[in-house]
Structures are given as structure tokens and as C-alpha cells.
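Text of structure_36.csv, listed as CSV, C-alpha atoms:
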```
chain,number,residue,atom,x,y,z
D,1,MET,CA,6.1,0.3,-7.2
D,2,THR,CA,3.0,2.1,-8.1
D,3,GLU,CA,1.4,-0.9,-9.7
D,4,HIS,CA,1.7,-2.8,-6.4
D,5,THR,CA,0.5,-0.2,-4.1
D,6,HIS,CA,-3.2,-0.6,-4.6
D,7,PHE,CA,-5.5,-3.3,-3.2
D,8,ALA,CA,-8.8,-4.5,-4.4
D,9,PRO,CA,-11.6,-1.9,-4.2
D,10,ARG,CA,-14.2,-2.2,-1.5
D,11,THR,CA,-17.3,-4.0,-2.7
D,12,SER,CA,-20.4,-5.2,-0.8
D,13,LYS,CA,-20.8,-5.8,2.9
D,14,THR,CA,-21.4,-9.5,2.3
D,15,GLU,CA,-18.2,-9.8,0.2
D,16,ILE,CA,-16.2,-7.8,2.7
D,17,GLU,CA,-17.3,-9.8,5.7
D,18,LEU,CA,-17.6,-13.3,4.2
D,19,GLY,CA,-15.6,-13.2,0.9
D,20,THR,CA,-12.1,-14.2,0.0
D,21,ALA,CA,-11.1,-10.9,-1.6
D,22,PHE,CA,-8.7,-8.8,0.4
D,23,GLN,CA,-10.2,-5.3,0.4
D,24,PRO,CA,-8.5,-3.4,3.2
D,25,LYS,CA,-10.1,-0.2,4.3
D,26,PHE,CA,-7.8,2.7,4.9
D,27,ASP,CA,-9.0,5.7,6.9
D,28,ALA,CA,-9.2,9.3,5.9
D,29,ASP,CA,-5.4,9.6,6.4
D,30,GLY,CA,-4.9,6.5,4.2
D,31,LEU,CA,-3.9,4.3,7.2
D,32,ILE,CA,-5.0,1.0,8.7
D,33,ALA,CA,-4.3,-0.1,12.3
D,34,CYS,CA,-2.1,-3.2,12.7
D,35,VAL,CA,-2.0,-5.0,16.1
D,36,VAL,CA,1.3,-6.8,16.3
D,37,THR,CA,1.5,-9.9,18.5
D,38,ASP,CA,4.1,-12.4,19.3
D,39,ALA,CA,3.5,-15.5,17.1
D,40,ASP,CA,4.6,-17.9,19.9
D,41,ASP,CA,2.7,-16.6,23.0
D,42,GLY,CA,0.2,-14.1,21.6
D,43,THR,CA,1.5,-11.1,23.6
D,44,VAL,CA,0.4,-7.8,22.1
D,45,LEU,CA,3.7,-6.1,21.3
D,46,MET,CA,2.6,-2.8,19.6
D,47,VAL,CA,0.0,-1.1,17.5
D,48,GLY,CA,1.3,0.3,14.3
D,49,TYR,CA,-0.2,2.0,11.3
D,50,MET,CA,0.3,1.1,7.6
D,51,ASN,CA,-0.7,2.9,4.5
D,52,ALA,CA,-1.2,0.9,1.3
D,53,GLU,CA,2.4,0.9,0.3
D,54,ALA,CA,3.7,-0.1,3.8
D,55,LEU,CA,1.1,-3.0,3.8
D,56,ARG,CA,2.2,-4.0,0.3
D,57,ARG,CA,5.9,-4.0,1.3
D,58,THR,CA,5.1,-6.1,4.4
D,59,ILE,CA,3.2,-8.7,2.4
D,60,ASP,CA,5.9,-8.8,-0.4
D,61,THR,CA,8.9,-9.0,1.9
D,62,GLY,CA,7.5,-10.9,4.9
D,63,GLU,CA,9.0,-8.2,7.2
D,64,ALA,CA,7.0,-5.4,8.9
D,65,TRP,CA,6.9,-1.9,7.4
D,66,TYR,CA,4.8,0.9,8.9
D,67,TRP,CA,4.0,4.5,8.2
D,68,SER,CA,5.3,6.6,11.0
D,69,ARG,CA,2.6,9.2,11.8
D,70,SER,CA,5.0,11.3,13.9
D,71,ARG,CA,7.8,11.3,11.4
D,72,GLN,CA,5.6,11.1,8.2
D,73,GLU,CA,7.8,8.5,6.6
D,74,TYR,CA,8.1,4.8,5.9
D,75,TRP,CA,9.5,2.9,8.7
D,76,LYS,CA,11.1,-0.6,8.3
D,77,LYS,CA,10.8,-1.9,11.9
D,78,GLY,CA,14.3,-2.9,13.0
D,79,GLY,CA,16.0,-1.0,10.3
D,80,THR,CA,18.3,0.7,12.9
D,81,SER,CA,17.6,-1.4,16.0
D,82,GLY,CA,17.8,-4.9,14.6
D,83,GLN,CA,14.3,-5.6,16.0
D,84,VAL,CA,13.0,-6.8,12.7
D,85,GLN,CA,9.6,-8.4,12.7
D,86,SER,CA,9.2,-11.5,10.5
D,87,VAL,CA,5.5,-12.1,9.6
D,88,VAL,CA,4.2,-15.5,10.6
D,89,GLU,CA,0.5,-14.8,9.9
D,90,LEU,CA,-1.5,-11.7,8.9
D,91,LEU,CA,-5.2,-11.6,9.8
D,92,THR,CA,-8.0,-9.1,9.0
D,93,ASP,CA,-11.3,-8.5,10.7
D,94,CYS,CA,-14.9,-8.7,9.7
D,95,ASP,CA,-15.0,-5.2,8.0
D,96,GLN,CA,-11.4,-5.4,6.9
D,97,ASP,CA,-10.4,-2.1,8.6
D,98,ALA,CA,-7.9,-3.6,11.1
D,99,LEU,CA,-5.1,-6.1,11.0
D,100,VAL,CA,-3.5,-8.6,13.4
D,101,MET,CA,0.0,-9.5,12.5
D,102,LYS,CA,1.7,-12.4,14.3
D,103,VAL,CA,5.5,-11.9,14.2
D,104,ARG,CA,8.8,-13.2,15.5
D,105,VAL,CA,11.1,-10.4,16.6
D,106,ALA,CA,14.9,-10.5,15.7
D,107,GLY,CA,17.7,-8.6,17.4
D,108,ASN,CA,17.4,-8.3,21.2
D,109,GLY,CA,13.8,-9.4,21.0
D,110,ALA,CA,12.3,-6.1,22.3
D,111,THR,CA,9.8,-4.1,20.3
D,112,CYS,CA,9.4,-0.9,22.3
D,113,HIS,CA,11.9,2.0,22.0
D,114,VAL,CA,11.6,2.4,25.8
D,115,GLY,CA,13.4,-0.9,26.2
D,116,TYR,CA,10.5,-3.3,26.9
D,117,ARG,CA,9.5,-6.4,25.0
D,118,SER,CA,6.0,-4.9,24.5
D,119,CYS,CA,4.9,-1.3,24.4
D,120,PHE,CA,2.2,-2.2,26.8
D,121,TYR,CA,4.2,-2.2,30.0
D,122,ARG,CA,1.8,-0.2,32.2
D,123,LYS,CA,-1.7,-0.8,33.3
D,124,VAL,CA,-4.5,1.6,34.3
D,125,VAL,CA,-5.3,1.5,38.0
D,126,GLN,CA,-7.2,3.8,40.4
D,127,GLY,CA,-4.8,6.4,41.8
D,128,PRO,CA,-4.7,7.8,45.3
D,129,ASP,CA,-7.2,10.6,44.3
D,130,GLY,CA,-9.6,8.1,42.8
D,131,GLU,CA,-8.7,9.1,39.3
D,132,PRO,CA,-7.1,6.7,36.8
D,133,ALA,CA,-3.3,6.4,37.1
D,134,LEU,CA,-0.7,4.1,35.6
D,135,GLU,CA,1.3,1.3,37.3
D,136,SER,CA,3.9,-1.1,36.0
D,137,THR,CA,2.7,-4.5,34.8
D,138,GLY,CA,5.8,-5.9,36.3
D,139,ALA,CA,7.5,-6.2,32.9
D,140,GLN,CA,11.3,-5.8,33.0
D,141,ARG,CA,13.3,-4.0,30.4
D,142,VAL,CA,15.1,-6.1,27.8
D,143,TYR,CA,17.6,-3.3,27.3
D,144,ASP,CA,18.3,0.3,28.5
D,145,PRO,CA,17.7,2.6,25.5
D,146,ALA,CA,20.1,5.1,27.1
D,147,THR,CA,23.0,2.8,26.4
D,148,VAL,CA,22.2,1.5,22.9
D,149,TYR,CA,20.9,2.8,19.7
D,150,GLY,CA,17.1,3.3,20.1
D,151,ALA,CA,14.4,1.2,18.5
D,152,GLY,CA,13.5,1.8,15.0
W,1,MET,CA,-21.0,13.5,33.3
W,2,THR,CA,-18.9,16.4,32.0
W,3,GLU,CA,-16.6,16.5,35.0
W,4,HIS,CA,-15.6,12.9,34.4
W,5,THR,CA,-15.1,13.0,30.7
W,6,HIS,CA,-11.7,14.6,30.7
W,7,PHE,CA,-8.3,13.0,31.4
W,8,ALA,CA,-5.1,14.5,32.4
W,9,PRO,CA,-3.5,16.8,29.8
W,10,ARG,CA,-0.5,15.5,27.9
W,11,THR,CA,2.8,16.7,29.4
W,12,SER,CA,6.4,15.7,28.6
W,13,LYS,CA,7.6,12.8,26.6
W,14,THR,CA,9.4,11.5,29.6
W,15,GLU,CA,6.3,11.7,31.8
W,16,ILE,CA,4.1,10.1,29.1
W,17,GLU,CA,6.5,7.2,28.5
W,18,LEU,CA,7.8,6.6,32.1
W,19,GLY,CA,5.3,8.3,34.4
W,20,THR,CA,2.3,7.2,36.4
W,21,ALA,CA,-0.1,9.8,35.1
W,22,PHE,CA,-2.7,8.5,32.7
W,23,GLN,CA,-2.6,11.0,29.8
W,24,PRO,CA,-4.3,9.2,26.9
W,25,LYS,CA,-3.9,10.7,23.5
W,26,PHE,CA,-7.0,11.0,21.3
W,27,ASP,CA,-6.7,11.5,17.6
W,28,ALA,CA,-8.0,14.3,15.4
W,29,ASP,CA,-11.5,12.6,15.6
W,30,GLY,CA,-11.2,12.4,19.4
W,31,LEU,CA,-10.6,8.6,19.4
W,32,ILE,CA,-8.2,6.1,20.8
W,33,ALA,CA,-7.7,2.6,19.4
W,34,CYS,CA,-8.5,-0.3,21.9
W,35,VAL,CA,-7.3,-3.8,21.2
W,36,VAL,CA,-9.6,-6.2,23.0
W,37,THR,CA,-8.1,-9.5,24.0
W,38,ASP,CA,-9.5,-12.6,25.9
W,39,ALA,CA,-8.1,-12.3,29.4
W,40,ASP,CA,-7.7,-16.1,29.7
W,41,ASP,CA,-5.9,-17.0,26.4
W,42,GLY,CA,-4.9,-13.7,24.9
W,43,THR,CA,-6.7,-14.1,21.6
W,44,VAL,CA,-7.3,-10.7,19.9
W,45,LEU,CA,-11.1,-10.5,19.8
W,46,MET,CA,-11.7,-7.1,18.1
W,47,VAL,CA,-10.3,-3.5,17.7
W,48,GLY,CA,-12.7,-0.8,18.9
W,49,TYR,CA,-12.4,2.9,19.3
W,50,MET,CA,-13.2,5.0,22.3
W,51,ASN,CA,-13.6,8.7,22.8
W,52,ALA,CA,-12.9,10.2,26.2
W,53,GLU,CA,-16.4,9.6,27.4
W,54,ALA,CA,-16.5,6.0,26.3
W,55,LEU,CA,-13.2,5.4,28.0
W,56,ARG,CA,-14.4,7.0,31.2
W,57,ARG,CA,-17.6,4.9,31.2
W,58,THR,CA,-15.5,1.8,30.6
W,59,ILE,CA,-13.2,2.6,33.6
W,60,ASP,CA,-16.1,3.6,35.8
W,61,THR,CA,-18.3,0.6,35.1
W,62,GLY,CA,-15.8,-2.1,34.4
W,63,GLU,CA,-17.7,-2.9,31.2
W,64,ALA,CA,-16.6,-2.0,27.7
W,65,TRP,CA,-18.1,1.1,26.0
W,66,TYR,CA,-17.0,2.2,22.5
W,67,TRP,CA,-17.8,5.0,20.1
W,68,SER,CA,-19.2,3.6,16.9
W,69,ARG,CA,-17.6,5.4,14.0
W,70,SER,CA,-20.2,4.0,11.6
W,71,ARG,CA,-23.2,4.9,13.6
W,72,GLN,CA,-21.7,7.9,15.3
W,73,GLU,CA,-23.0,6.9,18.7
W,74,TYR,CA,-22.0,5.4,22.1
W,75,TRP,CA,-22.0,1.6,22.0
W,76,LYS,CA,-22.3,-0.5,25.1
W,77,LYS,CA,-20.9,-3.8,23.8
W,78,GLY,CA,-23.4,-6.5,24.5
W,79,GLY,CA,-26.2,-4.1,25.1
W,80,THR,CA,-28.4,-6.0,22.6
W,81,SER,CA,-26.4,-9.2,22.1
W,82,GLY,CA,-25.6,-10.0,25.7
W,83,GLN,CA,-21.9,-10.2,24.6
W,84,VAL,CA,-20.9,-7.9,27.5
W,85,GLN,CA,-17.1,-7.4,28.0
W,86,SER,CA,-16.0,-7.3,31.6
W,87,VAL,CA,-12.7,-5.6,31.9
W,88,VAL,CA,-10.0,-7.6,33.7
W,89,GLU,CA,-7.0,-5.3,32.9
W,90,LEU,CA,-6.5,-2.2,30.8
W,91,LEU,CA,-3.0,-1.4,29.5
W,92,THR,CA,-1.6,1.6,27.6
W,93,ASP,CA,1.4,1.8,25.5
W,94,CYS,CA,4.6,3.9,25.6
W,95,ASP,CA,3.1,7.0,24.0
W,96,GLN,CA,-0.3,6.4,25.5
W,97,ASP,CA,-2.1,6.5,22.1
W,98,ALA,CA,-3.4,2.9,22.1
W,99,LEU,CA,-5.0,0.6,24.7
W,100,VAL,CA,-5.0,-3.1,25.2
W,101,MET,CA,-8.1,-4.3,27.2
W,102,LYS,CA,-8.2,-7.8,28.6
W,103,VAL,CA,-11.8,-8.9,29.0
W,104,ARG,CA,-14.1,-11.8,29.7
W,105,VAL,CA,-17.1,-12.0,27.4
W,106,ALA,CA,-20.6,-12.8,28.6
W,107,GLY,CA,-23.6,-14.2,26.7
W,108,ASN,CA,-22.7,-16.7,24.0
W,109,GLY,CA,-19.0,-15.8,24.3
W,110,ALA,CA,-18.8,-14.5,20.7
W,111,THR,CA,-17.5,-10.9,20.0
W,112,CYS,CA,-18.0,-10.6,16.2
W,113,HIS,CA,-21.4,-9.8,14.7
W,114,VAL,CA,-20.6,-12.3,11.9
W,115,GLY,CA,-20.9,-15.0,14.5
W,116,TYR,CA,-17.3,-15.8,15.4
W,117,ARG,CA,-15.6,-15.5,18.7
W,118,SER,CA,-13.0,-13.1,17.3
W,119,CYS,CA,-13.5,-10.7,14.4
W,120,PHE,CA,-10.2,-11.9,13.1
W,121,TYR,CA,-11.4,-15.1,11.4
W,122,ARG,CA,-9.6,-14.7,8.1
W,123,LYS,CA,-5.9,-14.6,7.2
W,124,VAL,CA,-4.2,-13.0,4.2
W,125,VAL,CA,-2.7,-15.6,1.8
W,126,GLN,CA,-1.4,-15.5,-1.8
W,127,GLY,CA,-4.3,-16.0,-4.2
W,128,PRO,CA,-4.2,-18.0,-7.4
W,129,ASP,CA,-3.3,-14.8,-9.3
W,130,GLY,CA,-0.4,-14.1,-7.0
W,131,GLU,CA,-2.3,-11.2,-5.3
W,132,PRO,CA,-3.3,-11.2,-1.7
W,133,ALA,CA,-6.5,-13.0,-0.9
W,134,LEU,CA,-8.3,-14.2,2.3
W,135,GLU,CA,-8.8,-17.6,3.7
W,136,SER,CA,-10.5,-18.9,6.8
W,137,THR,CA,-8.3,-19.4,9.8
W,138,GLY,CA,-10.3,-22.5,10.6
W,139,ALA,CA,-12.4,-20.7,13.2
W,140,GLN,CA,-15.9,-22.0,13.5
W,141,ARG,CA,-18.9,-19.7,14.2
W,142,VAL,CA,-20.3,-19.6,17.7
W,143,TYR,CA,-23.7,-18.7,16.4
W,144,ASP,CA,-25.4,-17.9,13.2
W,145,PRO,CA,-26.3,-14.2,13.1
W,146,ALA,CA,-29.1,-15.0,10.7
W,147,THR,CA,-31.0,-16.8,13.4
W,148,VAL,CA,-30.5,-14.6,16.4
W,149,TYR,CA,-30.4,-10.9,17.2
W,150,GLY,CA,-27.0,-9.5,15.9
W,151,ALA,CA,-24.1,-8.5,18.0
W,152,GLY,CA,-24.1,-5.1,19.6
```

Rewritten as C-alpha cells:
Amino acid sequence: MTEHTHFAPRTSKTEIELGTAFQPKFDADGLIACVVTDADDGTVLMVGYMNAEALRRTIDTGEAWYWSRSRQEYWKKGGTSGQVQSVVELLTDCDQDALVMKVRVAGNGATCHVGYRSCFYRKVVQGPDGEPALESTGAQRVYDPATVYGAG
Amino acid sequence: MTEHTHFAPRTSKTEIELGTAFQPKFDADGLIACVVTDADDGTVLMVGYMNAEALRRTIDTGEAWYWSRSRQEYWKKGGTSGQVQSVVELLTDCDQDALVMKVRVAGNGATCHVGYRSCFYRKVVQGPDGEPALESTGAQRVYDPATVYGAG
């Protein structure tokens, strides 16, 4: 798939910001951040990272692929969990170094391996000592990962 | 402000995923990605990066501070443009290496220096040659940056 891995080279600031050429910017590790949202209600479900090949596979197949930074491997979301993400719309930002991907989630509808629909199930609050602490947003688990095969 | 810059050290996977200690993970460059959304309708407005000090300033003041990777300096959003972001809620994800920040935007209500409310004003489509290309989402500019002082 070598011939499909590459995207258009970066050109001018004007073209990048206002043009119609898709010229995604990958960072020093070859990655671009992808904010995944629910296509129906806009909830932010997760933030994933794609390299050029993962982005290409996502565009070609209409299903989300990532590069796992922790495992250093390609990761077809839902490959083991069934929580496949079908791409409804893919957006990029002004300087084309971030993506927003609106998806519909298959399987049990969860995205997070901890069992929640969204990975963002805790909020930062002021703790008893005045320092930042975490508290539940009130989100309930969709499933208990101890009883089923984990997300993937 | 040295004594305020640091956050709790990372502990176990269980504590990070299920605990109440805020233990944000900064990457090799000392940064954490922050997805900024409109607190009222959930629109993703931008993706910014914070180092520990920018995150601490954001929590302490309730207004968004970032670390500008391009300018290598602290960046109080709205400092020059008036597009100040007041933090309504700050969330973190399962492994505490990403943030979602729900904000209300002051000034003219735009976030993007190109003049749009959201930086994500273009979508990826299939171009005439079969390759990915960009197309407007239909978003209209809030202001023309050529006529006013740019975003900041």
C-alpha cells in the first residue's frame, strides 16, 4: 500500500488554511491527533492518533484505524471488541494538524476500554486540599470490562 | 509559580483509570492535547496544547492558557483578539493523557484566526482525481481577519 500512504506535501500557509488540497501535518513521530465525536449528538468519545497509513486506511475503508502509541502497532478500532467506528464525516483544522472525526459506533456502543461510552468520564474539580482532583461526570458504564473481552 | 506548576505523579494503571487523583500525562515535549468545545452546543472549536504551567494557569484562573508550539511561548487565548475562553468544565480521559475543555467564548465569539467560529471549517471529501481533498463545511466566517486584529 506504499503508493497510498502519502498525502500531498505541505505548501503555503494560504493554501493550507484556505485551499482545497488535503495536506495533513504529521508531528515528529509521524502522528496526527484525531478527536472522535458521536455523529449524532457530538459527544467527544476519544482522542486517537493516526500515522499516514492509518489515516489512509480510515479514508479508504470508512472505518477508523489508529496507530497505538503504547503498543506501537496499527489498531483497527473494534477489531476485537466489536466497537467499530464508521466514519460519517472527517474534518481538519486551519493548519491541518488535527482532525475531528464524526462516527457511529457499532457493537455495544461503548468506546472506552474502561467500559464507558466516552473515555472522558471524569472531570477536574477542586479537591479537599485545594488541589485539582477528579470526580465522575455521572456517566454510567455501558459494560463491565472485567466480564467481557476488552475494548480494542 | 514553581510550586504550582507540578501535578501529582503518575501511579498505577488502576489509579489512573479509576481513581480521583489528577495525574495528567505530558508527552516527550511536556505537552498534553486539549480539545476545546463549546459548552452550550458541544461544537469542537479547536485543539490546543498545554504544558504543566499552562494547565495550572487555566485551572487557577478559569480562563484558557496554552503553550504555542509554533511560537514557543505561553498563549493566553483572547489576549489580543478578545476571544477569551472561560472554562465551564474540564474533563480528562481514561489514561489522563488528553483533556476536553468546555468553554464559553468572549469577544466576537470566534475561535479561529482565519475568522471562523471553529477551526474545523473544512471536511475531507473525494477529489476529482479520486484522492482526498477539502471542501467547506458550509460554515460562514464570523469576521474577516484582514480587517481586524487577528486571533490570539

For this session: Please identify all polymer residues within 6 Å of Val103 (chain W), counting all atoms listed in the file, omitting same-chain residues fewer than 5 positions from it, and present them as a ChimeraX atom specification.
Result: /W:38-39,85-88

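With CA of Met50 (chain W) on one side and CA of Val100 (chain D) on the other, the separation reads 18.9 Å.
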
Between chain W and chain D, at 9 Å or less, what are the per-residue closest atom pairs and their distances in Å? Count all atoms listed in the file, order by chain and rising residue number, and return it as a tab-separated table.
```
residue	atom	partner	partner_atom	distance
W:Phe7	CA	D:Pro132	CA	8.4
W:Glu17	CA	D:Val114	CA	7.5
W:Leu18	CA	D:Val114	CA	8.5
W:Gly19	CA	D:Leu134	CA	7.4
W:Thr20	CA	D:Leu134	CA	4.4
W:Ala21	CA	D:Ala133	CA	5.1
W:Phe22	CA	D:Ala133	CA	4.9
W:Gln23	CA	D:Ala133	CA	8.7
W:Ala33	CA	D:Ala33	CA	8.3
W:Val35	CA	D:Val35	CA	7.5
W:Thr37	CA	D:Val44	CA	8.9
W:Asp41	CA	D:Gly42	CA	8.3
W:Gly42	CA	D:Gly42	CA	6.1
W:Thr43	CA	D:Gly42	CA	6.9
W:Val44	CA	D:Val100	CA	7.8
W:Met46	CA	D:Asp93	CA	7.5
W:Val47	CA	D:Ala98	CA	7.0
W:Ile59	CA	D:Pro132	CA	8.0
W:Glu89	CA	D:Lys123	CA	7.0
W:Leu90	CA	D:Val124	CA	5.5
W:Leu91	CA	D:Lys123	CA	4.1
W:Thr92	CA	D:Phe120	CA	5.4
W:Asp93	CA	D:Phe120	CA	4.3
W:Cys94	CA	D:Cys119	CA	5.3
W:Asp95	CA	D:Cys119	CA	8.5
W:Ala98	CA	D:Val47	CA	7.0
W:Leu99	CA	D:Phe120	CA	8.0
W:Val100	CA	D:Phe120	CA	7.4
W:Cys112	CA	D:Cys94	CA	7.4
W:His113	CA	D:Cys94	CA	8.3
W:Val114	CA	D:Cys94	CA	7.1
W:Ser118	CA	D:Asp93	CA	8.2
W:Cys119	CA	D:Asp93	CA	4.8
W:Phe120	CA	D:Asp93	CA	4.3
W:Tyr121	CA	D:Asp93	CA	6.6
W:Arg122	CA	D:Leu91	CA	5.6
W:Lys123	CA	D:Leu91	CA	4.0
W:Val124	CA	D:Leu90	CA	5.6
W:Val125	CA	D:Leu90	CA	8.2
W:Gly127	CA	D:Ala21	CA	8.9
W:Glu131	CA	D:Phe7	CA	8.8
W:Pro132	CA	D:Phe22	CA	6.3
W:Ala133	CA	D:Phe22	CA	4.9
W:Leu134	CA	D:Thr20	CA	4.4
W:Glu135	CA	D:Thr20	CA	6.0
W:Ser136	CA	D:Thr20	CA	8.4
W:Thr137	CA	D:Leu91	CA	8.4
```

Seminar exercise, completed: CA of Pro9 (chain W) to CA of Glu53 (chain W) measures 15.0 Å

Exercise. Can you tell me, as JSON, numbers by chain, what residues are no more than 6 Å from Gly107 (chain W) when counting only C-alpha atoms, ignoring any on the same chain fewer than 2 positions away?
Worked result: {"W": [82, 83, 109]}

Can you spit out the residues from that selection as an mmCIF file, in the frame of the given file, using C-alpha atoms?
```
data_model
loop_
_atom_site.group_PDB
_atom_site.id
_atom_site.type_symbol
_atom_site.label_atom_id
_atom_site.label_comp_id
_atom_site.auth_asym_id
_atom_site.auth_seq_id
_atom_site.Cartn_x
_atom_site.Cartn_y
_atom_site.Cartn_z
ATOM 1 C CA GLY W 82 -25.600 -10.000 25.700
ATOM 2 C CA GLN W 83 -21.900 -10.200 24.600
ATOM 3 C CA GLY W 109 -19.000 -15.800 24.300
#
```

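In terms of minimum interatomic distance to Tyr66 (chain D), D:Val36 ranks closest within D:Val36, D:Thr11, D:His6, D:Ala28, counting all atoms listed in the file.
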
For this session: Find the distance between CA of Glu63 (chain W) and CA of Val84 (chain W) and write it in Å to one decimal.
Result: 7.0 Å
